[in-house]
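Okay, so here's the structure we're looking at.
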Amino acid sequence: MPKLSIGLPVYNAEEFLPQALDCLLVQTFRNFEIIISDNASTDRTPQICREYVSRDSRIRYFRSDRNLGLVANFNRTFELSAAPLFKWAAHDDLHRSHYLESCVRLLDEDPAAVLAHSGTAFIGDDGQAFPFESDTGTYVDPKTGARQRPDSPTIGDSPIAVERFWHVLARARWGSHMFAVMRREALQRTHLLPNFAGSDRAMLAELALLGRFRAVPERLFLKRFHAGVSWALNQRELKSFLSTDGKAYSRRARQLKAFFSAPSGKPVGILTKATCTAMVAVHCAKITAQMLARKEARNAAQGTVWRSKTEVSA
């Protein structure tokens, strides 16, 4: 059995999938398998996957006969794995060649840590890094002009459980740590990814109560912005993207339920659980519905720019 399983969920991923696979296959840490779960793609994704399977025995390919939705497909890759360490990889993101080696080393050195990650850089659809402003710590999106700040690698890096929980709640805007290298036994004690937008942060909140997050400050994880990325979708498109069951639901209700229930069953005391519950309540009161609506409108507008400019250039 390999030491690490990499879950790679895909759907119509032909544009970026070869780059994602290539950067994983040249990692300096090599004791891993890649589990590709194809969500009934209709483009060249199956052919690309089978070609890579024939080239490298570490790759396993599974294909669903229907589209299960993004959330179910992400969770399926974990269910198909068995290695003691696990990592999700998105088909459009990239990793520097020593990303895995750096993360596995951190976990080997700290048995109490539940995940290991790195700093994050933002790249465009062409794979080129966004301009970085060192004085503000932000990347400048060349298509929208917006300044985007990646999640800090120090999120969750505290010996105190309530501090880690608050870091995820208040500072993990992008949820980048969900693409970290994680201990399988810890991930099994969570609900994995629940079905709503932003569910990665709910899962990270559960992990934060199970142990410490570690990270190297180097920007070894490259998050890609492009027209098809999930945050560029409107709410109706996003619901269909995440799940194909067609059920109507309130994202806010599912989000609150996930965060309020995160401490349940975790190895923390009653006081810690009560404090976490209070933190969720305070955070919800602070982030009003009006503020959230403005933020979502701004994100949607930036996503529209990416989509429209890409369509024009095509």
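Just so we're on the same page: first chain in the structure tokens is A, next is B, and so on; residues restart at 1 for each chain, and ligands are numbered from 1 in the order they show up.
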
Exercise for the section: Find the spatial neighbours of region 143-155 of chain A, counting only C-alpha atoms, within a cut-off of 9 Å - ignore same-chain residues fewer than 4 positions away - and output them as a ChimeraX atom specification. Expected result: /A:117-122,133,136-139,164,167-168,171-177,213-218,302-303,305-306,309

Any chance you can output those residues with C-alpha atoms as a compact mmCIF listing (two decimals), in the first residue's frame?
```
# COMPACT_ATOMS: atom_id res chain seq x y z
CA HIS A 117 0.05 22.31 3.69
CA SER A 118 2.08 25.20 2.28
CA GLY A 119 1.72 28.81 1.30
CA THR A 120 -0.53 29.54 -1.69
CA ALA A 121 0.06 31.50 -4.89
CA PHE A 122 -2.65 32.48 -7.37
CA GLU A 133 2.32 43.04 -3.86
CA THR A 136 -0.06 44.27 1.13
CA GLY A 137 0.51 40.51 0.85
CA THR A 138 -2.02 40.31 -1.98
CA TYR A 139 -2.11 39.08 -5.56
CA ARG A 164 -7.69 26.61 15.51
CA HIS A 167 -8.90 30.51 12.53
CA VAL A 168 -10.96 28.35 10.17
CA ARG A 171 -9.72 33.50 8.34
CA ALA A 172 -10.08 30.57 5.90
CA ARG A 173 -11.77 32.48 3.10
CA TRP A 174 -10.63 30.19 0.27
CA GLY A 175 -10.53 26.95 2.25
CA SER A 176 -7.19 26.14 0.61
CA HIS A 177 -6.19 23.83 3.45
CA PHE A 213 -2.48 22.20 11.16
CA ARG A 214 1.13 22.59 9.99
CA ALA A 215 2.49 24.31 6.89
CA VAL A 216 5.68 25.43 5.21
CA PRO A 217 5.63 29.15 4.31
CA GLU A 218 6.86 28.58 0.75
CA GLN A 302 -15.50 39.35 -10.71
CA GLY A 303 -16.41 35.86 -11.88
CA VAL A 305 -15.43 39.30 -15.89
CA TRP A 306 -13.38 36.09 -16.06
CA LYS A 309 -13.21 37.91 -21.23
```

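Running DSSP on the backbone and keeping only strand (DSSP E), the residues of region 60-105 of chain A that qualify are Arg60, Tyr61, Phe62, Arg63, Leu85, Phe86, Lys87, Trp88, Leu94 and His95 of chain A.
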
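Taking only C-alpha atoms into account, Pro46 (chain A) lies nearest to A:Ala13 out of the set A:Ala13, A:Ala227, A:Leu24, A:Ile59.
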
Output as CSV one row per residue of region 133-221 of chain A within 9 Å of region 251-268 of chain A: the closest atom pair and its distance in Å to one decimal place, counting only C-alpha atoms, sorted by chain and residue number ascending.
```
residue,atom,partner,partner_atom,distance
A:Ala161,CA,A:Val268,CA,7.8
A:Leu169,CA,A:Phe259,CA,8.5
A:Arg189,CA,A:Lys266,CA,8.1
A:Thr190,CA,A:Ala262,CA,8.2
A:His191,CA,A:Ala262,CA,8.8
A:Pro194,CA,A:Ala258,CA,7.8
A:Asn195,CA,A:Arg254,CA,8.0
A:Phe196,CA,A:Arg251,CA,5.8
A:Ala197,CA,A:Arg251,CA,7.0
A:Gly198,CA,A:Gln255,CA,7.9
A:Ser199,CA,A:Gln255,CA,7.3
A:Arg201,CA,A:Phe259,CA,8.8
A:Ala202,CA,A:Phe259,CA,5.8
A:Met203,CA,A:Ala262,CA,8.1
A:Ala205,CA,A:Ala262,CA,6.7
A:Glu206,CA,A:Ala262,CA,5.2
A:Leu207,CA,A:Ala262,CA,8.9
A:Leu209,CA,A:Lys266,CA,6.6
A:Leu210,CA,A:Lys266,CA,6.6
```
